[in-house]
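One file, input_14.cif, is given below (mmCIF, N, CA and C atoms).
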data_input
#
loop_
_atom_site.label_atom_id
_atom_site.label_comp_id
_atom_site.auth_asym_id
_atom_site.auth_seq_id
_atom_site.Cartn_x
_atom_site.Cartn_y
_atom_site.Cartn_z
N MET A 1 -101.24 -193.71 306.53
CA MET A 1 -101.31 -192.91 305.32
C MET A 1 -101.58 -191.46 305.69
N SER A 2 -100.70 -190.58 305.26
CA SER A 2 -100.86 -189.16 305.52
C SER A 2 -101.66 -188.50 304.42
N LYS A 3 -102.27 -187.37 304.76
CA LYS A 3 -103.12 -186.68 303.79
C LYS A 3 -102.97 -185.17 303.95
N ILE A 4 -102.71 -184.51 302.82
CA ILE A 4 -102.68 -183.05 302.77
C ILE A 4 -103.83 -182.60 301.89
N GLU A 5 -104.69 -181.77 302.42
CA GLU A 5 -105.77 -181.18 301.63
C GLU A 5 -105.33 -179.77 301.23
N ILE A 6 -105.47 -179.46 299.95
CA ILE A 6 -105.09 -178.14 299.46
C ILE A 6 -106.34 -177.43 298.96
N PHE A 7 -106.52 -176.22 299.48
CA PHE A 7 -107.66 -175.38 299.10
C PHE A 7 -107.13 -174.08 298.52
N VAL A 8 -107.67 -173.69 297.40
CA VAL A 8 -107.27 -172.44 296.75
C VAL A 8 -108.44 -171.48 296.82
N ASN A 9 -108.28 -170.43 297.61
CA ASN A 9 -109.34 -169.44 297.80
C ASN A 9 -109.02 -168.15 297.07
N VAL A 10 -108.39 -168.28 295.91
CA VAL A 10 -108.12 -167.13 295.04
C VAL A 10 -108.64 -167.48 293.65
N GLU A 11 -108.78 -166.47 292.83
CA GLU A 11 -109.39 -166.65 291.51
C GLU A 11 -108.40 -167.00 290.41
N GLU A 12 -107.26 -167.54 290.74
CA GLU A 12 -106.31 -167.89 289.70
C GLU A 12 -105.76 -169.29 289.91
N GLU A 13 -105.31 -169.85 288.83
CA GLU A 13 -104.72 -171.19 288.89
C GLU A 13 -103.27 -171.07 289.33
N ILE A 14 -102.86 -171.99 290.19
CA ILE A 14 -101.48 -171.97 290.71
C ILE A 14 -100.83 -173.28 290.30
N GLU A 15 -100.07 -173.23 289.21
CA GLU A 15 -99.49 -174.45 288.67
C GLU A 15 -98.41 -175.05 289.58
N GLU A 16 -97.85 -174.26 290.46
CA GLU A 16 -96.80 -174.74 291.37
C GLU A 16 -97.31 -175.69 292.44
N LEU A 17 -98.61 -175.76 292.65
CA LEU A 17 -99.16 -176.54 293.76
C LEU A 17 -98.86 -178.03 293.67
N GLU A 18 -98.78 -178.58 292.48
CA GLU A 18 -98.48 -180.00 292.33
C GLU A 18 -97.10 -180.33 292.90
N ILE A 19 -96.12 -179.49 292.61
CA ILE A 19 -94.77 -179.70 293.14
C ILE A 19 -94.75 -179.44 294.64
N ILE A 20 -95.43 -178.40 295.08
CA ILE A 20 -95.46 -178.07 296.51
C ILE A 20 -96.04 -179.22 297.32
N GLU A 21 -97.07 -179.85 296.80
CA GLU A 21 -97.65 -181.01 297.48
C GLU A 21 -96.62 -182.13 297.62
N LYS A 22 -95.84 -182.38 296.58
CA LYS A 22 -94.78 -183.40 296.63
C LYS A 22 -93.72 -183.02 297.65
N VAL A 23 -93.37 -181.74 297.70
CA VAL A 23 -92.39 -181.25 298.66
C VAL A 23 -92.88 -181.50 300.09
N LEU A 24 -94.15 -181.21 300.34
CA LEU A 24 -94.70 -181.41 301.69
C LEU A 24 -94.75 -182.88 302.07
N TYR A 25 -95.13 -183.74 301.13
CA TYR A 25 -95.11 -185.18 301.43
C TYR A 25 -93.68 -185.66 301.70
N SER A 26 -92.73 -185.07 301.00
CA SER A 26 -91.32 -185.40 301.25
C SER A 26 -90.90 -184.98 302.66
N ALA A 27 -91.38 -183.83 303.12
CA ALA A 27 -91.07 -183.37 304.48
C ALA A 27 -91.66 -184.32 305.51
N ILE A 28 -92.87 -184.80 305.25
CA ILE A 28 -93.50 -185.78 306.16
C ILE A 28 -92.63 -187.04 306.23
N GLU A 29 -92.19 -187.50 305.07
CA GLU A 29 -91.34 -188.70 305.01
C GLU A 29 -90.00 -188.48 305.70
N LYS A 30 -89.41 -187.30 305.46
CA LYS A 30 -88.12 -186.96 306.09
C LYS A 30 -88.22 -187.02 307.61
N GLU A 31 -89.35 -186.57 308.13
CA GLU A 31 -89.55 -186.56 309.57
C GLU A 31 -90.05 -187.90 310.11
N LYS A 32 -90.18 -188.88 309.21
CA LYS A 32 -90.61 -190.23 309.58
C LYS A 32 -91.96 -190.22 310.30
N LEU A 33 -92.89 -189.47 309.75
CA LEU A 33 -94.22 -189.35 310.33
C LEU A 33 -95.22 -190.17 309.54
N GLU A 34 -96.22 -190.66 310.22
CA GLU A 34 -97.29 -191.42 309.58
C GLU A 34 -98.62 -190.92 310.11
N ASN A 35 -99.66 -191.09 309.30
CA ASN A 35 -101.01 -190.69 309.69
C ASN A 35 -101.09 -189.22 310.10
N ILE A 36 -100.45 -188.38 309.28
CA ILE A 36 -100.45 -186.94 309.48
C ILE A 36 -101.51 -186.34 308.56
N PHE A 37 -102.28 -185.42 309.08
CA PHE A 37 -103.30 -184.74 308.30
C PHE A 37 -103.19 -183.24 308.55
N PHE A 38 -103.20 -182.45 307.47
CA PHE A 38 -103.26 -181.01 307.61
C PHE A 38 -103.74 -180.39 306.32
N ASN A 39 -104.10 -179.11 306.40
CA ASN A 39 -104.60 -178.36 305.27
C ASN A 39 -103.62 -177.27 304.87
N LEU A 40 -103.52 -177.06 303.57
CA LEU A 40 -102.79 -175.92 303.02
C LEU A 40 -103.84 -175.08 302.29
N ILE A 41 -103.97 -173.82 302.69
CA ILE A 41 -105.00 -172.96 302.15
C ILE A 41 -104.34 -171.72 301.55
N ILE A 42 -104.57 -171.50 300.27
CA ILE A 42 -104.00 -170.35 299.58
C ILE A 42 -105.06 -169.25 299.54
N VAL A 43 -104.69 -168.08 300.05
CA VAL A 43 -105.64 -166.96 300.17
C VAL A 43 -105.00 -165.69 299.61
N ASP A 44 -105.74 -164.59 299.65
CA ASP A 44 -105.20 -163.30 299.22
C ASP A 44 -104.79 -162.47 300.44
N ASN A 45 -104.23 -161.30 300.17
CA ASN A 45 -103.76 -160.44 301.27
C ASN A 45 -104.88 -160.02 302.21
N ASN A 46 -106.06 -159.72 301.68
CA ASN A 46 -107.17 -159.29 302.54
C ASN A 46 -107.55 -160.38 303.53
N TYR A 47 -107.63 -161.61 303.05
CA TYR A 47 -108.03 -162.73 303.91
C TYR A 47 -107.00 -162.96 305.02
N ILE A 48 -105.72 -163.00 304.64
CA ILE A 48 -104.69 -163.28 305.65
C ILE A 48 -104.53 -162.10 306.61
N HIS A 49 -104.79 -160.88 306.11
CA HIS A 49 -104.77 -159.70 306.97
C HIS A 49 -105.83 -159.85 308.07
N ASP A 50 -107.03 -160.26 307.68
CA ASP A 50 -108.10 -160.48 308.66
C ASP A 50 -107.71 -161.55 309.68
N LEU A 51 -107.13 -162.65 309.22
CA LEU A 51 -106.69 -163.70 310.15
C LEU A 51 -105.65 -163.16 311.12
N ASN A 52 -104.68 -162.45 310.59
CA ASN A 52 -103.60 -161.92 311.41
C ASN A 52 -104.14 -160.93 312.45
N LYS A 53 -105.08 -160.11 312.03
CA LYS A 53 -105.67 -159.13 312.94
C LYS A 53 -106.52 -159.80 314.01
N ASN A 54 -107.37 -160.73 313.60
CA ASN A 54 -108.30 -161.36 314.53
C ASN A 54 -107.66 -162.37 315.48
N TYR A 55 -106.63 -163.07 315.03
CA TYR A 55 -106.06 -164.14 315.86
C TYR A 55 -104.70 -163.79 316.48
N ARG A 56 -104.02 -162.80 315.90
CA ARG A 56 -102.71 -162.45 316.44
C ARG A 56 -102.63 -160.99 316.86
N ASN A 57 -103.72 -160.25 316.64
CA ASN A 57 -103.76 -158.81 316.96
C ASN A 57 -102.68 -158.02 316.24
N ILE A 58 -102.36 -158.45 315.02
CA ILE A 58 -101.39 -157.74 314.18
C ILE A 58 -102.16 -157.23 312.95
N ASP A 59 -102.25 -155.92 312.83
CA ASP A 59 -103.13 -155.30 311.83
C ASP A 59 -102.40 -155.09 310.49
N ARG A 60 -101.99 -156.17 309.88
CA ARG A 60 -101.38 -156.14 308.54
C ARG A 60 -101.37 -157.55 307.97
N GLU A 61 -101.15 -157.62 306.66
CA GLU A 61 -101.04 -158.95 306.06
C GLU A 61 -99.70 -159.58 306.44
N THR A 62 -99.64 -160.88 306.29
CA THR A 62 -98.42 -161.63 306.52
C THR A 62 -98.31 -162.64 305.39
N ASP A 63 -97.19 -163.32 305.30
CA ASP A 63 -97.01 -164.28 304.21
C ASP A 63 -97.60 -165.64 304.53
N VAL A 64 -97.42 -166.10 305.76
CA VAL A 64 -97.92 -167.41 306.17
C VAL A 64 -98.35 -167.34 307.63
N ILE A 65 -99.43 -168.02 307.92
CA ILE A 65 -99.91 -168.12 309.30
C ILE A 65 -100.40 -169.55 309.50
N THR A 66 -100.09 -170.11 310.66
CA THR A 66 -100.50 -171.49 310.94
C THR A 66 -101.38 -171.54 312.17
N PHE A 67 -102.26 -172.51 312.15
CA PHE A 67 -103.10 -172.81 313.30
C PHE A 67 -102.87 -174.27 313.64
N ALA A 68 -102.05 -174.49 314.65
CA ALA A 68 -101.64 -175.85 315.03
C ALA A 68 -102.60 -176.41 316.08
N LEU A 69 -103.28 -177.48 315.73
CA LEU A 69 -104.23 -178.09 316.67
C LEU A 69 -103.53 -178.72 317.86
N GLU A 70 -102.31 -179.16 317.67
CA GLU A 70 -101.60 -179.78 318.80
C GLU A 70 -101.17 -178.76 319.84
N ASP A 71 -101.25 -177.49 319.52
CA ASP A 71 -100.98 -176.45 320.51
C ASP A 71 -102.13 -176.30 321.50
N GLU A 72 -103.29 -176.83 321.14
CA GLU A 72 -104.50 -176.71 321.95
C GLU A 72 -104.69 -178.00 322.76
N ASN A 73 -104.48 -177.92 324.06
CA ASN A 73 -104.56 -179.11 324.92
C ASN A 73 -105.98 -179.64 325.12
N SER A 74 -106.99 -178.84 324.83
CA SER A 74 -108.36 -179.29 325.09
C SER A 74 -108.93 -180.15 323.96
N ILE A 75 -108.19 -180.28 322.86
CA ILE A 75 -108.66 -181.09 321.73
C ILE A 75 -108.11 -182.50 321.88
N ILE A 76 -109.01 -183.47 321.92
CA ILE A 76 -108.60 -184.88 322.04
C ILE A 76 -108.89 -185.57 320.71
N LEU A 77 -107.84 -186.12 320.13
CA LEU A 77 -107.94 -186.76 318.83
C LEU A 77 -107.61 -188.25 318.95
N PRO A 78 -108.03 -189.06 317.97
CA PRO A 78 -107.66 -190.48 318.00
C PRO A 78 -106.14 -190.63 318.04
N SER A 79 -105.66 -191.58 318.81
CA SER A 79 -104.22 -191.72 319.00
C SER A 79 -103.50 -192.20 317.75
N SER A 80 -104.19 -192.82 316.82
CA SER A 80 -103.54 -193.34 315.62
C SER A 80 -103.36 -192.27 314.54
N GLU A 81 -103.93 -191.09 314.74
CA GLU A 81 -103.85 -190.02 313.76
C GLU A 81 -103.35 -188.74 314.41
N ARG A 82 -102.68 -187.93 313.60
CA ARG A 82 -102.29 -186.59 314.05
C ARG A 82 -102.88 -185.59 313.07
N ILE A 83 -103.85 -184.84 313.52
CA ILE A 83 -104.42 -183.78 312.71
C ILE A 83 -103.70 -182.51 313.15
N LEU A 84 -102.79 -182.06 312.29
CA LEU A 84 -101.89 -180.98 312.69
C LEU A 84 -102.54 -179.61 312.68
N GLY A 85 -103.39 -179.33 311.70
CA GLY A 85 -104.02 -178.02 311.64
C GLY A 85 -104.00 -177.46 310.24
N ASP A 86 -103.86 -176.13 310.15
CA ASP A 86 -103.98 -175.42 308.88
C ASP A 86 -102.78 -174.50 308.66
N ILE A 87 -102.37 -174.45 307.38
CA ILE A 87 -101.36 -173.49 306.94
C ILE A 87 -102.04 -172.57 305.94
N TYR A 88 -102.05 -171.28 306.22
CA TYR A 88 -102.59 -170.28 305.30
C TYR A 88 -101.42 -169.53 304.68
N ILE A 89 -101.43 -169.42 303.35
CA ILE A 89 -100.40 -168.66 302.64
C ILE A 89 -101.08 -167.60 301.78
N SER A 90 -100.58 -166.38 301.85
CA SER A 90 -101.06 -165.31 300.99
C SER A 90 -100.34 -165.39 299.65
N LEU A 91 -101.08 -165.66 298.60
CA LEU A 91 -100.50 -165.70 297.26
C LEU A 91 -99.96 -164.32 296.87
N ASP A 92 -100.70 -163.28 297.23
CA ASP A 92 -100.25 -161.91 296.91
C ASP A 92 -98.88 -161.63 297.54
N LYS A 93 -98.76 -161.96 298.81
CA LYS A 93 -97.52 -161.70 299.54
C LYS A 93 -96.39 -162.57 298.99
N ALA A 94 -96.70 -163.81 298.65
CA ALA A 94 -95.69 -164.73 298.10
C ALA A 94 -95.15 -164.18 296.77
N LYS A 95 -96.03 -163.66 295.93
CA LYS A 95 -95.60 -163.09 294.65
C LYS A 95 -94.67 -161.90 294.87
N THR A 96 -95.06 -161.03 295.78
CA THR A 96 -94.25 -159.85 296.08
C THR A 96 -92.89 -160.25 296.62
N GLN A 97 -92.87 -161.19 297.56
CA GLN A 97 -91.61 -161.62 298.16
C GLN A 97 -90.72 -162.34 297.15
N ALA A 98 -91.30 -163.14 296.28
CA ALA A 98 -90.51 -163.82 295.25
C ALA A 98 -89.80 -162.78 294.38
N LYS A 99 -90.52 -161.75 294.00
CA LYS A 99 -89.94 -160.67 293.19
C LYS A 99 -88.86 -159.93 293.98
N ASP A 100 -89.17 -159.57 295.24
CA ASP A 100 -88.22 -158.84 296.08
C ASP A 100 -86.94 -159.64 296.33
N TYR A 101 -87.07 -160.95 296.52
CA TYR A 101 -85.91 -161.80 296.82
C TYR A 101 -85.21 -162.30 295.56
N GLY A 102 -85.82 -162.06 294.40
CA GLY A 102 -85.20 -162.45 293.14
C GLY A 102 -85.22 -163.94 292.88
N HIS A 103 -86.24 -164.63 293.37
CA HIS A 103 -86.37 -166.05 293.04
C HIS A 103 -87.79 -166.35 292.56
N SER A 104 -88.02 -167.60 292.23
CA SER A 104 -89.28 -168.00 291.61
C SER A 104 -90.43 -168.04 292.62
N LEU A 105 -91.63 -167.99 292.07
CA LEU A 105 -92.82 -168.17 292.90
C LEU A 105 -92.83 -169.58 293.49
N LEU A 106 -92.35 -170.56 292.74
CA LEU A 106 -92.25 -171.93 293.26
C LEU A 106 -91.38 -171.95 294.51
N ARG A 107 -90.25 -171.28 294.48
CA ARG A 107 -89.36 -171.24 295.64
C ARG A 107 -90.07 -170.60 296.84
N GLU A 108 -90.73 -169.49 296.61
CA GLU A 108 -91.37 -168.77 297.71
C GLU A 108 -92.53 -169.57 298.30
N LEU A 109 -93.39 -170.09 297.45
CA LEU A 109 -94.53 -170.87 297.96
C LEU A 109 -94.06 -172.15 298.65
N SER A 110 -93.05 -172.80 298.09
CA SER A 110 -92.51 -174.02 298.71
C SER A 110 -91.92 -173.71 300.08
N PHE A 111 -91.14 -172.64 300.15
CA PHE A 111 -90.55 -172.24 301.41
C PHE A 111 -91.63 -171.97 302.45
N LEU A 112 -92.65 -171.20 302.07
CA LEU A 112 -93.71 -170.85 303.02
C LEU A 112 -94.49 -172.08 303.46
N ALA A 113 -94.74 -173.00 302.54
CA ALA A 113 -95.48 -174.22 302.88
C ALA A 113 -94.68 -175.08 303.85
N VAL A 114 -93.40 -175.28 303.56
CA VAL A 114 -92.55 -176.10 304.44
C VAL A 114 -92.35 -175.39 305.78
N HIS A 115 -92.20 -174.08 305.74
CA HIS A 115 -92.08 -173.30 306.97
C HIS A 115 -93.31 -173.50 307.84
N GLY A 116 -94.48 -173.41 307.22
CA GLY A 116 -95.73 -173.63 307.94
C GLY A 116 -95.84 -175.04 308.49
N PHE A 117 -95.40 -176.02 307.70
CA PHE A 117 -95.42 -177.42 308.14
C PHE A 117 -94.60 -177.59 309.43
N TYR A 118 -93.41 -177.02 309.46
CA TYR A 118 -92.59 -177.16 310.67
C TYR A 118 -93.18 -176.40 311.86
N HIS A 119 -93.86 -175.31 311.59
CA HIS A 119 -94.59 -174.65 312.69
C HIS A 119 -95.68 -175.57 313.24
N LEU A 120 -96.39 -176.26 312.36
CA LEU A 120 -97.43 -177.19 312.82
C LEU A 120 -96.84 -178.28 313.70
N LEU A 121 -95.61 -178.66 313.43
CA LEU A 121 -94.94 -179.70 314.23
C LEU A 121 -94.37 -179.15 315.54
N GLY A 122 -94.48 -177.84 315.73
CA GLY A 122 -94.03 -177.25 316.99
C GLY A 122 -92.69 -176.53 316.91
N TYR A 123 -92.07 -176.50 315.74
CA TYR A 123 -90.80 -175.78 315.59
C TYR A 123 -91.09 -174.29 315.53
N ASP A 124 -90.10 -173.51 315.96
CA ASP A 124 -90.27 -172.06 315.96
C ASP A 124 -88.91 -171.41 315.70
N HIS A 125 -88.90 -170.11 315.61
CA HIS A 125 -87.66 -169.37 315.34
C HIS A 125 -87.59 -168.11 316.19
N MET A 126 -87.98 -168.28 317.44
CA MET A 126 -87.96 -167.15 318.37
C MET A 126 -86.56 -166.86 318.90
N THR A 127 -85.70 -167.87 318.91
CA THR A 127 -84.30 -167.68 319.31
C THR A 127 -83.41 -168.09 318.15
N LYS A 128 -82.16 -167.68 318.18
CA LYS A 128 -81.20 -168.04 317.13
C LYS A 128 -81.04 -169.56 317.05
N GLU A 129 -81.03 -170.21 318.19
CA GLU A 129 -80.86 -171.67 318.22
C GLU A 129 -82.06 -172.37 317.56
N GLU A 130 -83.28 -171.95 317.92
CA GLU A 130 -84.49 -172.51 317.31
C GLU A 130 -84.52 -172.24 315.81
N GLU A 131 -84.16 -171.02 315.44
CA GLU A 131 -84.17 -170.63 314.04
C GLU A 131 -83.21 -171.50 313.23
N LYS A 132 -82.03 -171.75 313.77
CA LYS A 132 -81.03 -172.56 313.08
C LYS A 132 -81.57 -173.97 312.80
N ILE A 133 -82.19 -174.57 313.79
CA ILE A 133 -82.75 -175.92 313.65
C ILE A 133 -83.87 -175.94 312.62
N MET A 134 -84.80 -175.01 312.75
CA MET A 134 -85.97 -174.99 311.86
C MET A 134 -85.57 -174.71 310.42
N PHE A 135 -84.71 -173.71 310.22
CA PHE A 135 -84.34 -173.34 308.86
C PHE A 135 -83.45 -174.39 308.20
N GLN A 136 -82.66 -175.10 308.98
CA GLN A 136 -81.87 -176.19 308.41
C GLN A 136 -82.78 -177.30 307.89
N LYS A 137 -83.79 -177.65 308.67
CA LYS A 137 -84.76 -178.66 308.24
C LYS A 137 -85.47 -178.23 306.96
N GLN A 138 -85.90 -176.97 306.92
CA GLN A 138 -86.58 -176.45 305.74
C GLN A 138 -85.69 -176.53 304.50
N GLU A 139 -84.46 -176.09 304.64
CA GLU A 139 -83.55 -176.08 303.49
C GLU A 139 -83.24 -177.49 303.00
N GLU A 140 -83.13 -178.44 303.91
CA GLU A 140 -82.88 -179.83 303.50
C GLU A 140 -84.03 -180.35 302.63
N VAL A 141 -85.25 -180.04 303.02
CA VAL A 141 -86.42 -180.47 302.24
C VAL A 141 -86.40 -179.81 300.87
N LEU A 142 -86.18 -178.51 300.83
CA LEU A 142 -86.20 -177.77 299.56
C LEU A 142 -85.02 -178.17 298.68
N ASP A 143 -83.86 -178.35 299.27
CA ASP A 143 -82.67 -178.74 298.49
C ASP A 143 -82.86 -180.10 297.81
N ALA A 144 -83.60 -181.00 298.44
CA ALA A 144 -83.84 -182.32 297.85
C ALA A 144 -84.61 -182.20 296.53
N PHE A 145 -85.36 -181.12 296.36
CA PHE A 145 -86.10 -180.85 295.13
C PHE A 145 -85.41 -179.82 294.25
N LYS A 146 -84.20 -179.44 294.67
CA LYS A 146 -83.43 -178.42 293.95
C LYS A 146 -84.21 -177.10 293.81
N ILE A 147 -84.96 -176.80 294.87
CA ILE A 147 -85.69 -175.53 294.91
C ILE A 147 -84.84 -174.56 295.73
N THR A 148 -84.07 -173.76 294.99
CA THR A 148 -83.10 -172.86 295.63
C THR A 148 -83.45 -171.41 295.32
N ARG A 149 -82.72 -170.56 295.98
CA ARG A 149 -82.91 -169.10 295.76
C ARG A 149 -82.33 -168.69 294.45
#
Please re-express this file's structure in structure tokens.
Amino acid sequence: MSKIEIFVNVEEEIEELEIIEKVLYSAIEKEKLENIFFNLIIVDNNYIHDLNKNYRNIDRETDVITFALEDENSIILPSSERILGDIYISLDKAKTQAKDYGHSLLRELSFLAVHGFYHLLGYDHMTKEEEKIMFQKQEEVLDAFKITR
């Protein structure tokens, strides 16, 4: 049984989270994973800016940042479970990007959550080949929910 914990560290209600949680569970199912655990944390620009500065040495806010526990070889976890780590999303940045890209906040938050999920699994987009694989997986998950641009 997989488990996603969602934490909202902003002062507003985010009605899209119920659908986003379903989208993430669908991604877990699509990847045929079991006993997966991770956190989705919604924060503001100041919080994610601090994370980006302190952990990536990038002095600005970002839309999503992940901390993948499986990237750390010194952490030993029970073999029957995979604790993937944390996905942080800036609600402020997601709202701005949704407006800039001309799509819904649901689309932007869903994209960022699924994007973060695939980063936790070790996918990346540093090369065109990696980007193609990762973004295809993301779009398949979002398309299944008809969450389009």
Minimum-distance residue to Asn45 in chain A, chosen among A:Met1, A:Val114, A:Ile89, A:Ala144 (using all atoms listed in the file):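 For Asn45 in chain A, the nearest of the given residues is A:Ile89.
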Please list as a PDB file with N, CA and C atoms, keeping the file's coordinate frame every residue within 9 Å of range 96-106 of chain A, counting only C-alpha atoms and excluding residues in the same chain fewer than 5 positions away.
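This is the output file around-v6.pdb:
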ATOM      1  N   GLU A  15    -100.070-173.230 289.210  1.00  0.00           N
ATOM      2  CA  GLU A  15     -99.490-174.450 288.670  1.00  0.00           C
ATOM      3  C   GLU A  15     -98.410-175.050 289.580  1.00  0.00           C
ATOM      4  N   GLU A  16     -97.850-174.260 290.460  1.00  0.00           N
ATOM      5  CA  GLU A  16     -96.800-174.740 291.370  1.00  0.00           C
ATOM      6  C   GLU A  16     -97.310-175.690 292.440  1.00  0.00           C
ATOM      7  N   LEU A  17     -98.610-175.760 292.650  1.00  0.00           N
ATOM      8  CA  LEU A  17     -99.160-176.540 293.760  1.00  0.00           C
ATOM      9  C   LEU A  17     -98.860-178.030 293.670  1.00  0.00           C
ATOM     10  N   ILE A  19     -96.120-179.490 292.610  1.00  0.00           N
ATOM     11  CA  ILE A  19     -94.770-179.700 293.140  1.00  0.00           C
ATOM     12  C   ILE A  19     -94.750-179.440 294.640  1.00  0.00           C
ATOM     13  N   ILE A  20     -95.430-178.400 295.080  1.00  0.00           N
ATOM     14  CA  ILE A  20     -95.460-178.070 296.510  1.00  0.00           C
ATOM     15  C   ILE A  20     -96.040-179.220 297.320  1.00  0.00           C
ATOM     16  N   ASP A  63     -97.190-163.320 305.300  1.00  0.00           N
ATOM     17  CA  ASP A  63     -97.010-164.280 304.210  1.00  0.00           C
ATOM     18  C   ASP A  63     -97.600-165.640 304.530  1.00  0.00           C
ATOM     19  N   LEU A  91    -101.080-165.660 298.600  1.00  0.00           N
ATOM     20  CA  LEU A  91    -100.500-165.700 297.260  1.00  0.00           C
ATOM     21  C   LEU A  91     -99.960-164.320 296.870  1.00  0.00           C
ATOM     22  N   PHE A 111     -91.140-172.640 300.150  1.00  0.00           N
ATOM     23  CA  PHE A 111     -90.550-172.240 301.410  1.00  0.00           C
ATOM     24  C   PHE A 111     -91.630-171.970 302.450  1.00  0.00           C
ATOM     25  N   ILE A 147     -84.960-176.800 294.870  1.00  0.00           N
ATOM     26  CA  ILE A 147     -85.690-175.530 294.910  1.00  0.00           C
ATOM     27  C   ILE A 147     -84.840-174.560 295.730  1.00  0.00           C
ATOM     28  N   THR A 148     -84.070-173.760 294.990  1.00  0.00           N
ATOM     29  CA  THR A 148     -83.100-172.860 295.630  1.00  0.00           C
ATOM     30  C   THR A 148     -83.450-171.410 295.320  1.00  0.00           C
ATOM     31  N   ARG A 149     -82.720-170.560 295.980  1.00  0.00           N
ATOM     32  CA  ARG A 149     -82.910-169.100 295.760  1.00  0.00           C
ATOM     33  C   ARG A 149     -82.330-168.690 294.450  1.00  0.00           C
TER      34      ARG A 149
END
Translate the PyMOL selection byres ((chain A and resi 35-43) around 6.5), as applied to the file shown, into an explicit residue set as a ChimeraX atom specification. /A:1-10,33-34,44-48,80-92
List every residue of chain A that DSSP, applied to the backbone of this structure, places in strand (DSSP E), and write the result as an MDAnalysis selection string. chainID A and resid 3:8 36:43 64:68 82:90
Would you write out, as a tab-separated table (two decimals) with N, CA and C atoms, in the frame of the given file, every residue that the PyMOL selection byres (((chain A and resi 116-130 and name CA) around 8) and name CA) captures in this file?
chain	number	residue	atom	x	y	z
A	24	LEU	N	-94.15	-181.21	300.34
A	24	LEU	CA	-94.70	-181.41	301.69
A	24	LEU	C	-94.75	-182.88	302.07
A	64	VAL	N	-97.42	-166.10	305.76
A	64	VAL	CA	-97.92	-167.41	306.17
A	64	VAL	C	-98.35	-167.34	307.63
A	65	ILE	N	-99.43	-168.02	307.92
A	65	ILE	CA	-99.91	-168.12	309.30
A	65	ILE	C	-100.40	-169.55	309.50
A	66	THR	N	-100.09	-170.11	310.66
A	66	THR	CA	-100.50	-171.49	310.94
A	66	THR	C	-101.38	-171.54	312.17
A	67	PHE	N	-102.26	-172.51	312.15
A	67	PHE	CA	-103.10	-172.81	313.30
A	67	PHE	C	-102.87	-174.27	313.64
A	68	ALA	N	-102.05	-174.49	314.65
A	68	ALA	CA	-101.64	-175.85	315.03
A	68	ALA	C	-102.60	-176.41	316.08
A	69	LEU	N	-103.28	-177.48	315.73
A	69	LEU	CA	-104.23	-178.09	316.67
A	69	LEU	C	-103.53	-178.72	317.86
A	70	GLU	N	-102.31	-179.16	317.67
A	70	GLU	CA	-101.60	-179.78	318.80
A	70	GLU	C	-101.17	-178.76	319.84
A	71	ASP	N	-101.25	-177.49	319.52
A	71	ASP	CA	-100.98	-176.45	320.51
A	71	ASP	C	-102.13	-176.30	321.50
A	84	LEU	N	-102.79	-182.06	312.29
A	84	LEU	CA	-101.89	-180.98	312.69
A	84	LEU	C	-102.54	-179.61	312.68
A	85	GLY	N	-103.39	-179.33	311.70
A	85	GLY	CA	-104.02	-178.02	311.64
A	85	GLY	C	-104.00	-177.46	310.24
A	86	ASP	N	-103.86	-176.13	310.15
A	86	ASP	CA	-103.98	-175.42	308.88
A	86	ASP	C	-102.78	-174.50	308.66
A	87	ILE	N	-102.37	-174.45	307.38
A	87	ILE	CA	-101.36	-173.49	306.94
A	87	ILE	C	-102.04	-172.57	305.94
A	112	LEU	N	-92.65	-171.20	302.07
A	112	LEU	CA	-93.71	-170.85	303.02
A	112	LEU	C	-94.49	-172.08	303.46
A	113	ALA	N	-94.74	-173.00	302.54
A	113	ALA	CA	-95.48	-174.22	302.88
A	113	ALA	C	-94.68	-175.08	303.85
A	114	VAL	N	-93.40	-175.28	303.56
A	114	VAL	CA	-92.55	-176.10	304.44
A	114	VAL	C	-92.35	-175.39	305.78
A	115	HIS	N	-92.20	-174.08	305.74
A	115	HIS	CA	-92.08	-173.30	306.97
A	115	HIS	C	-93.31	-173.50	307.84
A	131	GLU	N	-84.16	-171.02	315.44
A	131	GLU	CA	-84.17	-170.63	314.04
A	131	GLU	C	-83.21	-171.50	313.23
A	132	LYS	N	-82.03	-171.75	313.77
A	132	LYS	CA	-81.03	-172.56	313.08
A	132	LYS	C	-81.57	-173.97	312.80
A	133	ILE	N	-82.19	-174.57	313.79
A	133	ILE	CA	-82.75	-175.92	313.65
A	133	ILE	C	-83.87	-175.94	312.62
A	134	MET	N	-84.80	-175.01	312.75
A	134	MET	CA	-85.97	-174.99	311.86
A	134	MET	C	-85.57	-174.71	310.42
A	138	GLN	N	-85.90	-176.97	306.92
A	138	GLN	CA	-86.58	-176.45	305.74
A	138	GLN	C	-85.69	-176.53	304.50
